[in-house]
Amino acid sequence: MKIDLHSHSTCSDGTLSPQDLVSLAKDVGVEMFALTDHDTVAGIKLAHQRAKELGVRLINGVEISCEHTLSGGYGKNQHTHKIIHVVALDFNDVSKMSQVLGSVQDSRERRGQAIVEKLSELLTKLLDMDKQRLCDDVWQAVLVKAGGNPKAVGRAHIAQVMYERGWVRTVQEAFDKYLADNKPAYVAIDTPSMAQTIQTIHECGGMAVLAHPTRYGLSATRVRKLIADFAMLGGQAVELPNGEPISTRAMIDRCVAQHGLMVSVGSDFHGANMPWRKLGQVTTPKAEQVGVWERFA
């Protein structure tokens with residue numbers, strides 16, 4: 001069975017509506033699918049309506065931003081504070097999940113505006129424009145990308161605006177030079193802790209999956225520590241990496257086995273914002289690994 005349990009629609013930073021995303025999943029042969037927008041479940045009802053029409057099994061999902069401090073380093077690096085993404089799958093209390101995520105959505109709006117302000121400060125001399133005028137102009141363009149919803153603004157929307165205006169050569173360059181963690185325009189989002197997030201997912205009847213564990217800019221030692229902490233806090237599965245070196249995949253496989261975790265698979269599809277990620281193109285689990293979907297209600 002073809003499975004994709006990580007994707008984004010226009011309700012967060014994707015470029016397809018929830019309905020069109022489900023239609024695309026059907027077209028590429030995905031039989032079990034999850035819409036996992038960032039910090040919002042706004043698209044789930046629409047996605048379910050289309051999934052029912054097309055005969056796609058849709059799993060309730062959301063990708064939640066949370067904070068976690070990794071310890072065990074040396075000197076000034078003894079503690080590393082990171083924003084981590086945890087995918088909630090197969091939860092049944094959508095109303096409670098929506099209520100809990102309200103504060104994170106408010107934070108996304110504040111964070112988006114703060115990033116645009118930082119960018120304007122960085123680019124005003126380069127573009128020979130008044131800073132406030134530039135800031136207002138970019139924010140309005142970002143809102144258009146986010147469908148007019150400031151609470152849905154993500155870094156991918158800002159990166160797309162930068163690319164379309166010719167300020168960077170690619171969307172990825174916008175992240176690499178300005179928007180990624182610790183880059184000049186980066187602003188952290190206010191979020192619950194990873195422990196609180198896992199607890200919320202369980203209270204809503206869902207399963208907690210650590211999203212893309214190798215994409216947080218962590219050393220291999222810290223990735224292993226992150227997975228160990230996630231398991232200790234009650235996390236149930238790890239998302240397998242896509243298109244990464246064999247050695248990286250082998251490390252994740254060892255961690256999964258060591259901590260008795262299940263695995264999940266997902267493309268992290270965003271549409272035109274990140275065209276290199278293709279819906280339905282996911283890593284194949286090892287024969288001995290247990291898929292999180294095997295425990296879905």
# chains A, B, ... in the order shown; residues from 1 in each chain; ligands from 1
>>> residues_around(residues="A:Gly55", least_positions_apart="2", cutoff="12 Å", atoms="only C-alpha atoms", output="MDAnalysis selection string")
chainID A and resid 22:23 25:27 29:33 47:53 57:58
>>> residues_around(residues="A:Ala257", least_positions_apart="5", cutoff="9 Å", atoms="only C-alpha atoms", output="count of residues only")
3
>>> residues_around(residues="A:His38", least_positions_apart="3", cutoff="9 Å", atoms="only C-alpha atoms", output="PDB file with N, CA and C atoms, in the first residue's frame")
ATOM      1  N   HIS A   8       1.500  19.323   3.244  1.00  0.00           N
ATOM      2  CA  HIS A   8       1.011  20.644   3.633  1.00  0.00           C
ATOM      3  C   HIS A   8       0.142  21.272   2.545  1.00  0.00           C
ATOM      4  N   CYS A  11      -3.593  25.816   3.953  1.00  0.00           N
ATOM      5  CA  CYS A  11      -3.938  26.182   5.326  1.00  0.00           C
ATOM      6  C   CYS A  11      -2.692  26.444   6.164  1.00  0.00           C
ATOM      7  N   SER A  12      -1.523  26.025   5.672  1.00  0.00           N
ATOM      8  CA  SER A  12      -0.267  26.472   6.278  1.00  0.00           C
ATOM      9  C   SER A  12       0.623  27.003   5.167  1.00  0.00           C
ATOM     10  N   ASP A  13       1.714  26.321   4.813  1.00  0.00           N
ATOM     11  CA  ASP A  13       2.626  26.892   3.825  1.00  0.00           C
ATOM     12  C   ASP A  13       2.743  26.062   2.553  1.00  0.00           C
ATOM     13  N   VAL A  41      -5.399  22.592  12.206  1.00  0.00           N
ATOM     14  CA  VAL A  41      -6.211  21.491  11.676  1.00  0.00           C
ATOM     15  C   VAL A  41      -7.334  22.038  10.800  1.00  0.00           C
ATOM     16  N   VAL A  62      -1.489  16.709  11.952  1.00  0.00           N
ATOM     17  CA  VAL A  62      -1.018  18.082  12.103  1.00  0.00           C
ATOM     18  C   VAL A  62       0.455  18.024  12.491  1.00  0.00           C
ATOM     19  N   GLU A  63       1.236  18.974  11.984  1.00  0.00           N
ATOM     20  CA  GLU A  63       2.658  19.066  12.359  1.00  0.00           C
ATOM     21  C   GLU A  63       2.807  20.195  13.368  1.00  0.00           C
ATOM     22  N   ILE A  64       3.194  19.851  14.591  1.00  0.00           N
ATOM     23  CA  ILE A  64       3.213  20.791  15.702  1.00  0.00           C
ATOM     24  C   ILE A  64       4.640  21.263  15.981  1.00  0.00           C
ATOM     25  N   SER A  65       4.822  22.571  16.068  1.00  0.00           N
ATOM     26  CA  SER A  65       6.108  23.145  16.451  1.00  0.00           C
ATOM     27  C   SER A  65       6.227  23.116  17.966  1.00  0.00           C
ATOM     28  N   HIS A  85       9.775  19.598  15.323  1.00  0.00           N
ATOM     29  CA  HIS A  85       8.443  19.359  14.773  1.00  0.00           C
ATOM     30  C   HIS A  85       7.997  17.932  15.100  1.00  0.00           C
ATOM     31  N   GLN A 105      -0.600  29.371  16.748  1.00  0.00           N
ATOM     32  CA  GLN A 105      -0.956  30.111  15.546  1.00  0.00           C
ATOM     33  C   GLN A 105      -0.760  31.608  15.750  1.00  0.00           C
ATOM     34  N   ALA A 152      -1.299  31.746   9.392  1.00  0.00           N
ATOM     35  CA  ALA A 152      -0.778  30.629   8.601  1.00  0.00           C
ATOM     36  C   ALA A 152       0.609  30.916   8.038  1.00  0.00           C
ATOM     37  N   GLY A 154       4.286  31.100   7.159  1.00  0.00           N
ATOM     38  CA  GLY A 154       5.472  30.303   7.462  1.00  0.00           C
ATOM     39  C   GLY A 154       6.664  30.838   6.689  1.00  0.00           C
TER      40      GLY A 154
END
>>> residues_around(residues="A:Gly234", least_positions_apart="2", cutoff="9 Å", atoms="only C-alpha atoms", output="PyMOL selection string")
chain A and resi 195+198-199+202+208+229-232+236
>>> residues_around(residues="A:Lys286", least_positions_apart="5", cutoff="10 Å", atoms="only C-alpha atoms", output="PyMOL selection string")
chain A and resi 253+263+291
>>> select_by_dssp(residues="stretch 207-293 of chain A", states="strand (DSSP E or B)", output="compact mmCIF listing (two decimals) with C-alpha atoms, in the first residue's frame")
# COMPACT_ATOMS: atom_id res chain seq x y z
CA MET A 207 0.13 9.07 17.99
CA ALA A 208 3.28 11.21 18.21
CA VAL A 209 5.85 11.02 15.39
CA LEU A 210 9.21 12.83 15.40
CA ALA A 237 7.48 6.74 16.00
CA VAL A 238 10.22 8.40 13.96
CA GLU A 239 9.79 9.63 10.41
CA MET A 262 7.77 2.54 15.18
CA VAL A 263 8.47 4.33 11.90
CA SER A 264 6.46 6.71 9.74
CA PHE A 269 5.14 17.90 0.30
CA GLY A 291 4.84 1.19 10.62
>>> residues_around(residues="A:Thr36", least_positions_apart="6", cutoff="9 Å", atoms="only C-alpha atoms", output="PDB file with C-alpha atoms, in the first residue's frame")
ATOM      1  CA  LEU A   5       1.757  10.755   6.163  1.00  0.00           C
ATOM      2  CA  HIS A   6       3.316  14.225   5.912  1.00  0.00           C
ATOM      3  CA  SER A   7       2.066  17.001   3.612  1.00  0.00           C
ATOM      4  CA  HIS A   8       1.011  20.644   3.633  1.00  0.00           C
ATOM      5  CA  SER A   9      -1.836  22.629   2.080  1.00  0.00           C
ATOM      6  CA  ILE A  44      -8.972  18.498   7.825  1.00  0.00           C
ATOM      7  CA  ASN A  60      -6.174  13.118  10.835  1.00  0.00           C
ATOM      8  CA  GLY A  61      -2.843  14.904  11.102  1.00  0.00           C
ATOM      9  CA  VAL A  62      -1.018  18.082  12.103  1.00  0.00           C
ATOM     10  CA  GLU A  63       2.658  19.066  12.359  1.00  0.00           C
ATOM     11  CA  ILE A  64       3.213  20.791  15.702  1.00  0.00           C
ATOM     12  CA  VAL A  87       3.586  15.109  13.680  1.00  0.00           C
ATOM     13  CA  ALA A  88       0.346  14.088  15.382  1.00  0.00           C
ATOM     14  CA  LEU A  89      -1.475  11.291  13.553  1.00  0.00           C
ATOM     15  CA  ASP A 268       6.764  16.669   3.506  1.00  0.00           C
TER      16      ASP A 268
END
>>> closest_residue(among="A:Glu109, A:Glu164, A:Glu117, A:Asp176", to="A:Gly217", atoms="only C-alpha atoms")
A:Asp176
>>> closest_residue(among="A:Gly206, A:Pro275, A:Gly235, A:Pro241", to="A:Asn92", atoms="only C-alpha atoms")
A:Gly206
>>> select_by_dssp(residues="stretch 92-275 of chain A", states="alpha helix (DSSP H)", output="PyMOL selection string")
chain A and resi 94-127+131-145+155-164+171-174+194-203+220-232+246-258
>>> residues_around(residues="A:Lys225", least_positions_apart="3", cutoff="9 Å", atoms="only C-alpha atoms", output="MDAnalysis selection string")
chainID A and resid 70:72 220:222 228:230
>>> atom_distance(atom1="atom CA of A:Leu119", atom2="atom CA of A:Thr10")
23.3 Å
>>> closest_residue(among="A:Met274, A:Leu24, A:Thr40, A:Arg110", to="A:Phe175", atoms="only C-alpha atoms")
A:Met274
>>> closest_residue(among="A:Asp39, A:Glu294, A:Glu203, A:Asp128", to="A:Thr191", atoms="only C-alpha atoms")
A:Asp39
>>> closest_residue(among="A:Gln132, A:Ser95, A:Ser193, A:Thr124", to="A:Ile83", atoms="only C-alpha atoms")
A:Ser193
>>> closest_residue(among="A:Thr197, A:Ile84, A:Leu126, A:Leu16", to="A:Trp167", atoms="only C-alpha atoms")
A:Leu126
>>> atom_distance(atom1="atom CA of A:Gln140", atom2="atom CA of A:Ser103")
22.6 Å
